[in-house]
>>> print(open('protein.txt').read())   # compact mmCIF, C-alpha atoms and all ligand atoms
# COMPACT_ATOMS: atom_id res chain seq x y z
CA MET Z 136 107.30 180.17 269.12
CA ARG Z 137 109.91 177.94 270.77
CA THR Z 138 111.73 174.94 269.30
CA GLN Z 139 114.96 173.05 269.90
CA VAL Z 140 116.50 173.47 266.44
CA ALA Z 141 115.46 176.19 263.99
CA ILE Z 142 116.33 175.10 260.44
CA VAL Z 143 116.65 177.68 257.69
CA GLY Z 144 115.94 176.24 254.22
CA ALA Z 145 113.71 173.41 252.98
CA GLY Z 146 116.12 171.93 250.44
CA PRO Z 147 117.44 168.40 250.95
CA SER Z 148 119.82 169.51 253.76
CA GLY Z 149 117.17 171.22 255.88
CA LEU Z 150 114.45 168.64 255.34
CA LEU Z 151 116.72 165.64 255.97
CA LEU Z 152 118.11 167.22 259.12
CA GLY Z 153 114.57 167.90 260.34
CA GLN Z 154 113.56 164.31 259.63
CA ILE Z 155 116.50 162.75 261.49
CA LEU Z 156 116.07 165.07 264.47
CA HIS Z 157 112.36 164.28 264.63
CA ASN Z 158 113.16 160.55 264.59
CA HIS Z 159 115.24 161.17 267.72
CA GLY Z 160 112.54 163.19 269.45
CA ILE Z 161 114.18 166.56 268.79
CA ASP Z 162 111.70 169.31 268.01
CA ASN Z 163 112.46 171.47 264.97
CA VAL Z 164 110.92 174.12 262.74
CA VAL Z 165 111.90 174.67 259.09
CA LEU Z 166 111.74 178.20 257.64
CA GLU Z 167 111.72 178.37 253.84
CA ARG Z 168 111.68 181.55 251.75
CA GLN Z 169 109.88 179.96 248.78
CA THR Z 170 106.70 177.91 248.40
CA ALA Z 171 106.95 174.11 248.46
CA ASP Z 172 106.03 174.02 244.76
CA HIS Z 173 108.83 176.40 243.92
CA VAL Z 174 111.34 174.25 245.84
CA LEU Z 175 110.11 171.20 243.91
CA SER Z 176 110.36 172.96 240.56
CA ARG Z 177 114.15 173.25 240.79
CA ILE Z 178 115.92 170.57 238.82
CA ARG Z 179 119.14 169.38 240.38
CA ALA Z 180 121.42 166.36 240.17
CA GLY Z 181 120.44 162.76 240.58
CA VAL Z 182 123.31 160.45 241.55
CA LEU Z 183 123.46 159.10 245.11
CA GLU Z 184 126.40 157.47 246.83
CA GLN Z 185 125.65 154.29 248.77
CA GLY Z 186 126.29 156.25 251.99
CA SER Z 187 123.57 158.76 251.03
CA VAL Z 188 121.13 155.96 250.23
CA ASP Z 189 121.88 154.40 253.63
CA VAL Z 190 121.30 157.70 255.49
CA LEU Z 191 118.00 158.30 253.65
CA ASP Z 192 116.93 154.72 254.38
CA ALA Z 193 117.85 154.99 258.06
CA ALA Z 194 115.88 158.24 258.25
CA GLY Z 195 112.79 156.31 257.09
CA VAL Z 196 112.42 158.09 253.74
CA GLY Z 197 113.91 155.43 251.44
CA ALA Z 198 110.83 153.39 250.46
CA ARG Z 199 109.98 155.02 247.11
CA MET Z 200 113.67 155.44 246.31
CA ARG Z 201 114.22 151.70 246.74
CA ASP Z 202 111.24 150.97 244.46
CA GLU Z 203 111.95 153.44 241.70
CA ALA Z 204 115.67 154.20 241.65
CA LEU Z 205 118.10 152.76 239.13
CA VAL Z 206 121.26 151.15 240.53
CA HIS Z 207 124.35 151.67 238.38
CA ASP Z 208 127.37 149.37 238.62
CA GLY Z 209 129.62 151.69 236.65
CA THR Z 210 129.92 154.73 234.43
CA GLN Z 211 131.18 155.41 230.93
CA ILE Z 212 133.73 158.00 229.93
CA CYS Z 213 134.16 158.88 226.27
CA VAL Z 214 137.30 160.61 225.04
CA ARG Z 215 137.88 161.46 221.39
CA GLY Z 216 135.04 159.21 220.28
CA VAL Z 217 136.16 156.14 222.25
CA ARG Z 218 134.06 154.99 225.18
CA HIS Z 219 135.65 153.46 228.30
CA ARG Z 220 133.84 151.89 231.23
CA VAL Z 221 134.74 152.35 234.88
CA ASP Z 222 133.31 149.36 236.71
CA PHE Z 223 132.48 150.62 240.21
CA ARG Z 224 131.29 147.27 241.48
CA ALA Z 225 134.40 145.38 240.33
CA LEU Z 226 136.79 148.09 241.52
CA THR Z 227 135.16 149.00 244.85
CA GLY Z 228 132.35 146.53 245.55
CA LYS Z 229 129.98 149.52 245.56
CA THR Z 230 127.39 151.06 243.23
CA VAL Z 231 125.63 154.39 242.82
CA THR Z 232 121.89 155.03 242.77
CA VAL Z 233 120.13 157.26 240.25
CA TYR Z 234 117.19 159.07 241.88
CA GLY Z 235 116.48 162.75 241.35
CA GLN Z 236 117.03 165.32 244.08
CA THR Z 237 113.52 166.59 243.35
CA GLU Z 238 112.12 163.17 244.27
CA ILE Z 239 114.14 163.04 247.49
CA THR Z 240 112.83 166.49 248.39
CA ARG Z 241 109.27 165.38 247.61
CA ASP Z 242 109.67 162.27 249.82
CA LEU Z 243 111.11 164.36 252.66
CA MET Z 244 108.30 166.94 252.38
CA ALA Z 245 105.69 164.16 252.49
CA ALA Z 246 107.31 162.54 255.55
CA ARG Z 247 107.52 165.93 257.28
CA ALA Z 248 103.86 166.69 256.63
CA ALA Z 249 102.79 163.19 257.72
CA ALA Z 250 104.67 163.54 261.01
CA GLY Z 251 103.09 166.94 261.65
CA MET Z 252 106.44 168.75 261.82
CA LYS Z 253 106.19 172.51 261.46
CA THR Z 254 107.37 174.11 258.21
CA VAL Z 255 106.88 177.80 257.44
CA TYR Z 256 106.93 178.36 253.68
CA GLU Z 257 107.21 181.88 252.28
CA ALA Z 258 109.06 183.04 255.40
CA GLN Z 259 110.42 186.44 254.38
CA ASP Z 260 113.43 188.34 255.64
CA VAL Z 261 114.79 185.63 257.94
CA ARG Z 262 117.27 187.12 260.46
CA LEU Z 263 119.51 185.17 262.84
CA HIS Z 264 120.28 186.64 266.28
CA ASP Z 265 122.19 185.77 269.44
CA PHE Z 266 123.75 182.53 268.22
CA ASP Z 267 126.80 183.47 270.29
CA ARG Z 268 124.59 183.07 273.40
CA ALA Z 269 122.67 180.20 274.99
CA LYS Z 270 119.30 181.08 273.42
CA PRO Z 271 119.49 182.12 269.77
CA LEU Z 272 116.54 183.84 268.10
CA VAL Z 273 115.31 183.65 264.54
CA ARG Z 274 113.06 186.44 263.32
CA TYR Z 275 111.12 186.50 260.05
CA ARG Z 276 108.03 187.92 258.40
CA LYS Z 277 105.09 185.84 257.31
CA ASP Z 278 102.01 187.31 255.61
CA GLY Z 279 103.26 190.78 256.50
CA ARG Z 280 103.55 189.99 260.24
CA GLU Z 281 106.73 189.73 262.31
CA ALA Z 282 107.36 186.38 263.98
CA GLU Z 283 110.08 185.03 266.26
CA ILE Z 284 111.44 181.59 267.14
CA GLU Z 285 113.47 181.00 270.26
CA CYS Z 286 115.71 177.96 269.94
CA ASP Z 287 118.80 176.13 271.23
CA PHE Z 288 120.51 175.90 267.84
CA ILE Z 289 120.17 177.28 264.32
CA ALA Z 290 120.95 175.08 261.30
CA GLY Z 291 121.78 177.18 258.23
CA CYS Z 292 120.64 174.91 255.39
CA ASP Z 293 119.69 177.75 253.07
CA GLY Z 294 121.96 177.13 250.11
CA PHE Z 295 124.67 179.25 248.53
CA HIS Z 296 122.55 182.45 248.37
CA GLY Z 297 121.05 182.04 251.85
CA VAL Z 298 121.24 184.35 254.84
CA SER Z 299 123.02 182.00 257.28
CA ARG Z 300 126.60 182.17 256.02
CA LYS Z 301 126.23 185.94 255.63
CA SER Z 302 125.12 186.17 259.28
CA ALA Z 303 128.45 184.91 260.62
CA PRO Z 304 130.47 187.64 262.38
CA PRO Z 305 132.61 189.70 260.00
CA GLY Z 306 136.08 188.22 259.75
CA ALA Z 307 134.98 184.85 261.15
CA VAL Z 308 134.52 183.19 257.75
CA ARG Z 309 137.28 182.32 255.33
CA THR Z 310 136.20 181.44 251.81
CA TYR Z 311 137.99 179.56 249.05
CA GLU Z 312 136.71 179.77 245.52
CA ARG Z 313 137.36 178.82 241.94
CA VAL Z 314 135.05 179.92 239.16
CA TYR Z 315 135.27 178.02 235.86
CA PRO Z 316 135.14 179.84 232.52
CA PHE Z 317 132.10 177.91 231.22
CA GLY Z 318 128.69 176.62 232.22
CA TRP Z 319 126.47 173.59 231.68
CA LEU Z 320 123.43 173.84 229.47
CA GLY Z 321 121.01 171.20 230.77
CA VAL Z 322 118.01 169.66 229.02
CA MET Z 323 115.43 167.31 230.48
CA SER Z 324 113.33 165.27 228.05
CA ASP Z 325 110.84 162.46 228.24
CA THR Z 326 112.91 160.19 226.03
CA PRO Z 327 114.61 156.90 226.95
CA PRO Z 328 118.24 157.40 228.06
CA VAL Z 329 120.84 156.81 225.37
CA SER Z 330 122.71 154.34 227.58
CA GLU Z 331 122.06 152.19 230.66
CA GLU Z 332 124.86 154.07 232.42
CA LEU Z 333 125.86 157.73 232.47
CA ILE Z 334 128.26 158.82 229.72
CA TYR Z 335 130.74 161.61 230.54
CA THR Z 336 132.28 162.88 227.29
CA ARG Z 337 135.30 165.01 226.55
CA HIS Z 338 135.16 166.36 222.98
CA GLU Z 339 137.13 169.17 221.39
CA ASN Z 340 133.89 171.21 221.16
CA GLY Z 341 133.38 170.75 224.88
CA PHE Z 342 132.19 168.38 227.59
CA ALA Z 343 128.87 166.55 227.34
CA LEU Z 344 127.01 164.35 229.84
CA CYS Z 345 124.25 161.85 229.18
CA SER Z 346 122.34 161.22 232.39
CA MET Z 347 118.83 160.18 233.32
CA ARG Z 348 116.10 160.28 235.92
CA SER Z 349 114.32 157.05 234.95
CA ARG Z 350 114.01 154.61 232.05
CA THR Z 351 111.80 157.14 230.27
CA ARG Z 352 113.32 160.48 231.30
CA SER Z 353 116.75 161.68 230.21
CA ARG Z 354 118.95 164.51 231.42
CA TYR Z 355 121.65 165.81 229.08
CA TYR Z 356 124.25 168.55 229.50
CA LEU Z 357 126.60 170.45 227.18
CA GLN Z 358 129.52 172.64 228.20
CA VAL Z 359 128.77 176.13 226.87
CA SER Z 360 130.44 179.50 227.13
CA LEU Z 361 129.03 181.76 229.86
CA ALA Z 362 128.28 184.38 227.23
CA GLU Z 363 125.60 182.14 225.71
CA SER Z 364 121.91 182.42 226.46
CA LEU Z 365 119.03 179.94 226.29
CA GLU Z 366 117.52 181.70 223.27
CA GLU Z 367 120.59 180.65 221.32
CA TRP Z 368 119.86 177.00 222.09
CA PRO Z 369 116.60 175.83 220.55
CA ASP Z 370 116.09 172.06 220.95
CA GLU Z 371 117.31 171.22 217.44
CA ARG Z 372 120.63 172.94 218.03
CA PHE Z 373 121.02 171.23 221.40
CA TRP Z 374 120.44 167.73 219.99
CA HIS Z 375 122.66 168.41 216.99
CA GLU Z 376 125.56 169.58 219.16
CA LEU Z 377 125.09 166.75 221.69
CA LYS Z 378 125.18 164.16 218.93
CA LEU Z 379 128.33 165.69 217.53
CA ARG Z 380 130.13 165.29 220.84
CA LEU Z 381 129.12 161.62 221.37
CA ASP Z 382 130.71 158.39 220.12
CA ALA Z 383 129.28 156.58 217.08
CA LYS Z 384 127.18 154.10 219.09
CA ALA Z 385 125.65 156.83 221.24
CA GLN Z 386 124.98 158.89 218.12
CA ALA Z 387 123.05 155.96 216.68
CA ASP Z 388 121.19 155.21 219.93
CA LEU Z 389 120.25 158.77 220.89
CA VAL Z 390 116.49 159.37 220.96
CA THR Z 391 115.62 163.06 220.83
CA GLY Z 392 112.38 164.82 221.73
CA PRO Z 393 111.03 168.10 223.03
CA SER Z 394 112.80 169.50 226.07
CA ILE Z 395 110.66 169.80 229.20
CA GLU Z 396 113.26 171.95 230.96
CA LYS Z 397 116.31 173.86 229.80
CA SER Z 398 118.73 175.93 231.86
CA ILE Z 399 122.33 177.14 232.01
CA ALA Z 400 124.28 176.81 235.26
CA PRO Z 401 127.75 178.23 235.94
CA LEU Z 402 130.40 175.93 237.44
CA ARG Z 403 132.00 176.89 240.71
CA SER Z 404 134.08 175.39 243.51
CA PHE Z 405 133.52 177.15 246.85
CA VAL Z 406 134.17 176.37 250.52
CA ALA Z 407 133.45 178.50 253.59
CA GLU Z 408 135.33 177.70 256.78
CA PRO Z 409 134.46 177.00 259.53
CA MET Z 410 130.97 175.51 259.35
CA ARG Z 411 130.07 176.51 262.89
CA PHE Z 412 129.69 179.90 264.60
CA GLY Z 413 128.63 179.40 268.22
CA ARG Z 414 125.15 177.89 268.02
CA LEU Z 415 124.82 178.41 264.26
CA PHE Z 416 125.81 175.46 262.05
CA LEU Z 417 126.03 175.54 258.25
CA ALA Z 418 125.21 172.47 256.16
CA GLY Z 419 125.05 171.71 252.42
CA ASP Z 420 125.28 174.40 249.75
CA ALA Z 421 125.24 177.12 252.45
CA ALA Z 422 128.84 176.13 253.20
CA HIS Z 423 130.17 174.72 249.93
CA ILE Z 424 129.57 174.35 246.22
CA VAL Z 425 131.13 171.80 243.88
CA PRO Z 426 131.03 171.80 240.09
CA PRO Z 427 128.52 169.09 239.09
CA THR Z 428 131.07 166.94 237.23
CA GLY Z 429 131.59 164.57 240.17
CA ALA Z 430 127.89 164.47 241.20
CA LYS Z 431 128.87 165.38 244.77
CA GLY Z 432 126.64 168.37 245.72
CA LEU Z 433 123.71 166.43 247.12
CA ASN Z 434 125.94 163.73 248.62
CA LEU Z 435 127.91 166.33 250.59
CA ALA Z 436 124.66 167.79 251.88
CA VAL Z 437 123.76 164.31 253.17
CA SER Z 438 127.13 163.72 254.86
CA ASP Z 439 127.03 167.17 256.52
CA VAL Z 440 123.56 166.40 257.84
CA PHE Z 441 124.72 162.99 259.05
CA TYR Z 442 127.53 164.59 261.12
CA LEU Z 443 125.39 167.49 262.35
CA SER Z 444 122.43 165.34 263.33
CA SER Z 445 124.76 162.93 265.19
CA GLY Z 446 126.20 165.90 267.13
CA LEU Z 447 122.76 167.24 268.00
CA VAL Z 448 121.41 163.82 269.03
CA GLU Z 449 124.47 163.34 271.25
CA PHE Z 450 123.89 166.80 272.77
CA TYR Z 451 120.27 166.14 273.75
CA ARG Z 452 120.65 162.45 274.61
CA ASP Z 453 124.01 162.39 276.39
CA LYS Z 454 124.32 166.06 277.34
CA SER Z 455 127.64 166.05 275.48
CA SER Z 456 128.85 168.75 273.08
CA SER Z 457 131.71 166.69 271.72
CA GLY Z 458 129.99 165.78 268.41
CA LEU Z 459 128.97 169.40 267.87
CA ASN Z 460 132.49 170.56 268.67
CA ARG Z 461 133.89 168.18 266.05
CA TYR Z 462 131.22 168.94 263.43
CA SER Z 463 133.02 171.56 261.38
CA ASP Z 464 136.32 169.67 261.17
CA ARG Z 465 134.67 166.33 260.38
CA ALA Z 466 132.43 167.78 257.70
CA LEU Z 467 135.21 169.86 256.11
CA ALA Z 468 137.59 166.90 255.91
CA ARG Z 469 135.05 165.11 253.72
CA VAL Z 470 134.04 168.28 251.86
CA TRP Z 471 137.61 169.00 250.75
CA LYS Z 472 138.07 165.50 249.37
CA ALA Z 473 134.90 165.89 247.33
CA GLU Z 474 136.03 169.37 246.27
CA ARG Z 475 139.29 167.88 245.05
CA PHE Z 476 137.52 165.10 243.15
CA SER Z 477 134.97 167.45 241.53
CA TRP Z 478 137.72 169.89 240.50
CA TRP Z 479 139.78 167.03 239.07
CA MET Z 480 136.87 165.56 237.09
CA THR Z 481 136.10 169.06 235.82
CA ILE Z 482 139.59 169.93 234.62
CA MET Z 483 140.07 166.48 233.12
CA LEU Z 484 136.82 166.39 231.14
CA HIS Z 485 136.36 170.01 229.99
CA PRO Z 486 138.51 171.70 227.37
CA PHE Z 487 139.42 175.11 228.87
CA PRO Z 488 139.26 178.14 226.57
CA ASP Z 489 142.77 179.25 227.57
CA ALA Z 490 144.43 175.80 227.65
CA SER Z 491 147.77 175.39 225.92
CA GLY Z 492 148.69 172.45 223.71
CA PHE Z 493 150.74 171.16 226.64
CA ASP Z 494 147.77 171.31 229.05
CA GLU Z 495 145.65 169.39 226.56
CA LYS Z 496 148.27 166.67 226.06
CA VAL Z 497 148.83 166.21 229.80
CA LEU Z 498 145.10 165.81 230.45
CA LEU Z 499 144.71 163.31 227.62
CA ALA Z 500 147.64 161.38 229.13
CA GLU Z 501 145.92 161.51 232.51
CA LEU Z 502 142.72 160.06 231.06
CA ASP Z 503 144.68 157.35 229.28
CA TYR Z 504 146.32 156.54 232.62
CA VAL Z 505 142.93 156.41 234.38
CA PHE Z 506 141.56 153.95 231.81
CA ASN Z 507 144.63 151.73 231.77
CA SER Z 508 145.81 151.66 235.34
CA HIS Z 509 143.94 149.58 237.90
CA ALA Z 510 145.14 151.91 240.66
CA ALA Z 511 144.03 155.08 238.84
CA SER Z 512 140.62 153.75 237.81
CA THR Z 513 140.10 152.49 241.37
CA ALA Z 514 140.89 156.00 242.66
CA LEU Z 515 138.25 157.47 240.36
CA ALA Z 516 135.72 154.78 241.27
CA GLU Z 517 136.17 155.02 245.03
CA ASN Z 518 135.67 158.77 244.96
CA TYR Z 519 132.66 158.54 242.64
CA VAL Z 520 130.86 155.93 244.77
CA GLY Z 521 131.70 158.03 247.83
CA LEU Z 522 134.46 158.07 250.41
CA PRO Z 523 133.56 156.67 253.84
CA TYR Z 524 131.93 158.96 256.41
N1 LIG G 1 115.40 182.17 254.17
C1 LIG G 1 114.79 180.98 254.09
N2 LIG G 1 115.09 180.05 253.16
C2 LIG G 1 116.06 180.34 252.30
C3 LIG G 1 116.76 181.56 252.34
C4 LIG G 1 116.40 182.50 253.33
N3 LIG G 1 117.03 183.69 253.43
N4 LIG G 1 117.68 181.56 251.35
C5 LIG G 1 117.56 180.40 250.72
N5 LIG G 1 116.58 179.65 251.26
C6 LIG G 1 116.12 178.32 250.86
C7 LIG G 1 116.08 178.13 249.35
O1 LIG G 1 114.87 178.64 248.81
C8 LIG G 1 116.18 176.63 249.23
O2 LIG G 1 114.93 175.99 249.21
O3 LIG G 1 117.07 177.35 251.30
C9 LIG G 1 116.95 176.19 250.47
C10 LIG G 1 118.34 175.67 250.16
O4 LIG G 1 118.23 174.50 249.40
P1 LIG G 1 119.34 174.01 248.35
O5 LIG G 1 119.83 175.17 247.58
O6 LIG G 1 118.77 172.86 247.63
O7 LIG G 1 120.58 173.57 249.28
P2 LIG G 1 120.79 172.25 250.15
O8 LIG G 1 119.54 171.85 250.86
O9 LIG G 1 122.02 172.47 250.92
O10 LIG G 1 121.00 171.12 249.08
C11 LIG G 1 122.20 170.91 248.44
O11 LIG G 1 121.33 171.31 246.31
O12 LIG G 1 122.33 172.81 244.85
C12 LIG G 1 122.13 171.49 245.15
O13 LIG G 1 124.02 170.43 244.30
C13 LIG G 1 123.39 170.86 245.44
O14 LIG G 1 122.41 168.84 245.43
C14 LIG G 1 122.94 169.79 246.30
C15 LIG G 1 121.87 170.32 247.12
C1 LIG G 2 122.34 164.70 236.58
O1 LIG G 2 121.74 163.67 236.28
O2 LIG G 2 121.74 165.79 236.64
C2 LIG G 2 123.80 164.64 236.82
C3 LIG G 2 124.43 163.41 236.88
C4 LIG G 2 125.78 163.34 237.09
C5 LIG G 2 126.51 164.50 237.25
C6 LIG G 2 125.88 165.74 237.22
C7 LIG G 2 124.51 165.81 237.00
O3 LIG G 2 127.85 164.42 237.43
>>> encode(input="protein.txt", output="structure tokens")
Amino acid sequence: MRTQVAIVGAGPSGLLLGQILHNHGIDNVVLERQTADHVLSRIRAGVLEQGSVDVLDAAGVGARMRDEALVHDGTQICVRGVRHRVDFRALTGKTVTVYGQTEITRDLMAARAAAGMKTVYEAQDVRLHDFDRAKPLVRYRKDGREAEIECDFIAGCDGFHGVSRKSAPPGAVRTYERVYPFGWLGVMSDTPPVSEELIYTRHENGFALCSMRSRTRSRYYLQVSLAESLEEWPDERFWHELKLRLDAKAQADLVTGPSIEKSIAPLRSFVAEPMRFGRLFLAGDAAHIVPPTGAKGLNLAVSDVFYLSSGLVEFYRDKSSSGLNRYSDRALARVWKAERFSWWMTIMLHPFPDASGFDEKVLLAELDYVFNSHAASTALAENYVGLPY
């Protein structure tokens, strides 16, 4: 098989890249290790920056999002039982959009199928070759048979555990990492959200987040120790602990119900540099991970894809490599700002097991400053709604 761009991974990065390239007449094939149903069964975040909404709209996959998504003008942050509001619209003129990553993936899969673009699900043992030469090759196995794609470029959109980053020449990748000493226990339930806006809570027992997918589906998280397992968290214990960490109004408003999904995810900050190795480009979680506290993971995937697709379009349309040559630096400049914001939100809102009394006091002072200083709350708001591309 021959294509212009071979894309590894059918998460939001790979599918969005494929969609934008197709819109510009650039042929591409997506290779995905899992089935489509498996990809859609993963529950991920759900807050989109305006820039992400604009890119999805421009790619022609925004119709259902515009119909069904909830637009939020601000967010709530609760510290020691007192809720504060950060008004994004007043502080920045911008809003965020609540629409699940699963739904974006579903919309992208539908658009891809409708346009007749080729996707190989259950592609096993994907191997990347010759991306230091003019004609890279991607080999894989499908239904027990070996297959090969000859291409001009490979886009590694295969997430943190994918093969693409690992295929870079030894010594060519530098990684930066911080692992946090706790995880998030997440519960999805078909209950109305406790609040119109998200509530991020810092409580002495740990962080909690009240989020949502729609007016009838809620997503809640609790900071838990990494030693804990799901068996230790039956629904009743989850709701009891969540309630404990919320303010009095949220305690009164909380509607509980059976969980329809429950999982524990570790928190990690990670960046791999550079994001390009010859004709192999990394995008999304393949190159970087943020802790979920700033809701930046999906939004970074979208901005990477925006820069990468612009570079590829320029290459085929104008026969110029300048966008591709700038890709890694442009993407990383934005990635590091989101890394900084996600790290900052994480350290500010989670009690750390080894924190001293001094650490605790300084962070409470920082939160007090954020709530009471126009400059500081604007800084939080402009990062949360998304820095410019
Ligand atoms: N071969 C083919 N496909 C692979 C391989 C492989 N060796 N390894 C992984 N994949 C697939 C995974 O099965 C997955 O479907 O690559 C896809 C990567 O998708 P995501 O992990 O969703 O990553 P990305 O598309 O970059 O999206 C980033 O996901 O984790 C969240 O917070 C993150 O919201 C952000 C988004
Ligand atoms: C979510 O709804 O899953 C969510 C929202 C905001 C975050 C993280 C996760 O910061």
>>> axis_aligned_box(input="protein.txt", around="region 290-306 of chain Z", padding_each_side="3 Å", output="JSON")
{"center_x": 127.9, "center_y": 182.3, "center_z": 255.4, "size_x": 22.4, "size_y": 20.8, "size_z": 20.0}
>>> residues_around(input="protein.txt", residues="Val470 (chain Z)", least_positions_apart="4", cutoff="10 Å", atoms="all atoms listed in the file", output="count of residues only")
19
>>> residues_near_ligand(input="protein.txt", ligand="ligand LIG 1 (chain G)", cutoff="8 Å", atoms="only C-alpha atoms and all ligand atoms", output="PDB file with C-alpha atoms, in the frame of the given file")
ATOM      1  CA  VAL Z 143     116.650 177.680 257.690  1.00  0.00           C
ATOM      2  CA  GLY Z 144     115.940 176.240 254.220  1.00  0.00           C
ATOM      3  CA  ALA Z 145     113.710 173.410 252.980  1.00  0.00           C
ATOM      4  CA  GLY Z 146     116.120 171.930 250.440  1.00  0.00           C
ATOM      5  CA  PRO Z 147     117.440 168.400 250.950  1.00  0.00           C
ATOM      6  CA  SER Z 148     119.820 169.510 253.760  1.00  0.00           C
ATOM      7  CA  GLY Z 149     117.170 171.220 255.880  1.00  0.00           C
ATOM      8  CA  LEU Z 150     114.450 168.640 255.340  1.00  0.00           C
ATOM      9  CA  LEU Z 166     111.740 178.200 257.640  1.00  0.00           C
ATOM     10  CA  GLU Z 167     111.720 178.370 253.840  1.00  0.00           C
ATOM     11  CA  ARG Z 168     111.680 181.550 251.750  1.00  0.00           C
ATOM     12  CA  GLN Z 169     109.880 179.960 248.780  1.00  0.00           C
ATOM     13  CA  VAL Z 174     111.340 174.250 245.840  1.00  0.00           C
ATOM     14  CA  ARG Z 179     119.140 169.380 240.380  1.00  0.00           C
ATOM     15  CA  ALA Z 180     121.420 166.360 240.170  1.00  0.00           C
ATOM     16  CA  GLN Z 236     117.030 165.320 244.080  1.00  0.00           C
ATOM     17  CA  GLU Z 257     107.210 181.880 252.280  1.00  0.00           C
ATOM     18  CA  ALA Z 258     109.060 183.040 255.400  1.00  0.00           C
ATOM     19  CA  GLN Z 259     110.420 186.440 254.380  1.00  0.00           C
ATOM     20  CA  ASP Z 260     113.430 188.340 255.640  1.00  0.00           C
ATOM     21  CA  VAL Z 261     114.790 185.630 257.940  1.00  0.00           C
ATOM     22  CA  ARG Z 262     117.270 187.120 260.460  1.00  0.00           C
ATOM     23  CA  CYS Z 292     120.640 174.910 255.390  1.00  0.00           C
ATOM     24  CA  ASP Z 293     119.690 177.750 253.070  1.00  0.00           C
ATOM     25  CA  GLY Z 294     121.960 177.130 250.110  1.00  0.00           C
ATOM     26  CA  PHE Z 295     124.670 179.250 248.530  1.00  0.00           C
ATOM     27  CA  HIS Z 296     122.550 182.450 248.370  1.00  0.00           C
ATOM     28  CA  GLY Z 297     121.050 182.040 251.850  1.00  0.00           C
ATOM     29  CA  VAL Z 298     121.240 184.350 254.840  1.00  0.00           C
ATOM     30  CA  SER Z 299     123.020 182.000 257.280  1.00  0.00           C
ATOM     31  CA  ALA Z 418     125.210 172.470 256.160  1.00  0.00           C
ATOM     32  CA  GLY Z 419     125.050 171.710 252.420  1.00  0.00           C
ATOM     33  CA  ASP Z 420     125.280 174.400 249.750  1.00  0.00           C
ATOM     34  CA  ALA Z 421     125.240 177.120 252.450  1.00  0.00           C
ATOM     35  CA  ILE Z 424     129.570 174.350 246.220  1.00  0.00           C
ATOM     36  CA  VAL Z 425     131.130 171.800 243.880  1.00  0.00           C
ATOM     37  CA  PRO Z 427     128.520 169.090 239.090  1.00  0.00           C
ATOM     38  CA  ALA Z 430     127.890 164.470 241.200  1.00  0.00           C
ATOM     39  CA  LYS Z 431     128.870 165.380 244.770  1.00  0.00           C
ATOM     40  CA  GLY Z 432     126.640 168.370 245.720  1.00  0.00           C
ATOM     41  CA  LEU Z 433     123.710 166.430 247.120  1.00  0.00           C
ATOM     42  CA  ASN Z 434     125.940 163.730 248.620  1.00  0.00           C
ATOM     43  CA  LEU Z 435     127.910 166.330 250.590  1.00  0.00           C
ATOM     44  CA  ALA Z 436     124.660 167.790 251.880  1.00  0.00           C
TER      45      ALA Z 436
END
>>> residues_near_ligand(input="protein.txt", ligand="ligand LIG 2 (chain G)", cutoff="10 Å", atoms="all atoms listed in the file", output="ChimeraX atom specification")
/Z:178-183,210,233-236,319,321-323,333-335,344-348,353-356,426-432,477,480-481,519
>>> closest_residue(input="protein.txt", among="Z:Asp287, Z:Asp494, Z:Glu517, Z:Asp278", to="Lys229 (chain Z)", atoms="all atoms listed in the file")
Z:Glu517
>>> closest_atom_pairs(input="protein.txt", of="region 240-291 of chain Z", to="region 407-416 of chain Z", cutoff="6 Å", atoms="only C-alpha atoms", output="tab-separated table")
residue	atom	partner	partner_atom	distance
Z:Phe266	CA	Z:Arg414	CA	4.9
Z:Asp267	CA	Z:Gly413	CA	4.9
Z:Phe288	CA	Z:Arg414	CA	5.1
Z:Ile289	CA	Z:Leu415	CA	4.8
Z:Ala290	CA	Z:Phe416	CA	4.9
Z:Gly291	CA	Z:Phe416	CA	5.8
>>> residues_around(input="protein.txt", residues="region 382-394 of chain Z", least_positions_apart="2", cutoff="9 Å", atoms="only C-alpha atoms", output="ChimeraX atom specification")
/Z:213-218,322-330,336,370-371,374,377-380,396-397
>>> atom_distance(input="protein.txt", atom1="CA of Arg309 (chain Z)", atom2="CA of Tyr442 (chain Z)")
21.0 Å
>>> atom_distance(input="protein.txt", atom1="CA of Leu381 (chain Z)", atom2="CA of Arg337 (chain Z)")
8.7 Å
>>> closest_residue(input="protein.txt", among="Z:Ile161, Z:Leu443, Z:Val140, Z:Leu152", to="Leu467 (chain Z)", atoms="only C-alpha atoms")
Z:Leu443
>>> closest_residue(input="protein.txt", among="Z:Ser176, Z:Ser349, Z:Ser360, Z:Gln211", to="His485 (chain Z)", atoms="only C-alpha atoms")
Z:Ser360
>>> closest_residue(input="protein.txt", among="Z:Ser398, Z:Arg241, Z:Arg280, Z:Glu332", to="Val221 (chain Z)", atoms="all atoms listed in the file")
Z:Glu332
>>> closest_residue(input="protein.txt", among="Z:Ser404, Z:Thr237, Z:Gln185, Z:Ser508", to="Tyr311 (chain Z)", atoms="all atoms listed in the file")
Z:Ser404
>>> closest_residue(input="protein.txt", among="Z:Ser463, Z:Phe317, Z:Ala468, Z:His219", to="Phe506 (chain Z)", atoms="all atoms listed in the file")
Z:His219
>>> atom_distance(input="protein.txt", atom1="CA of Thr138 (chain Z)", atom2="CA of Ile284 (chain Z)")
7.0 Å
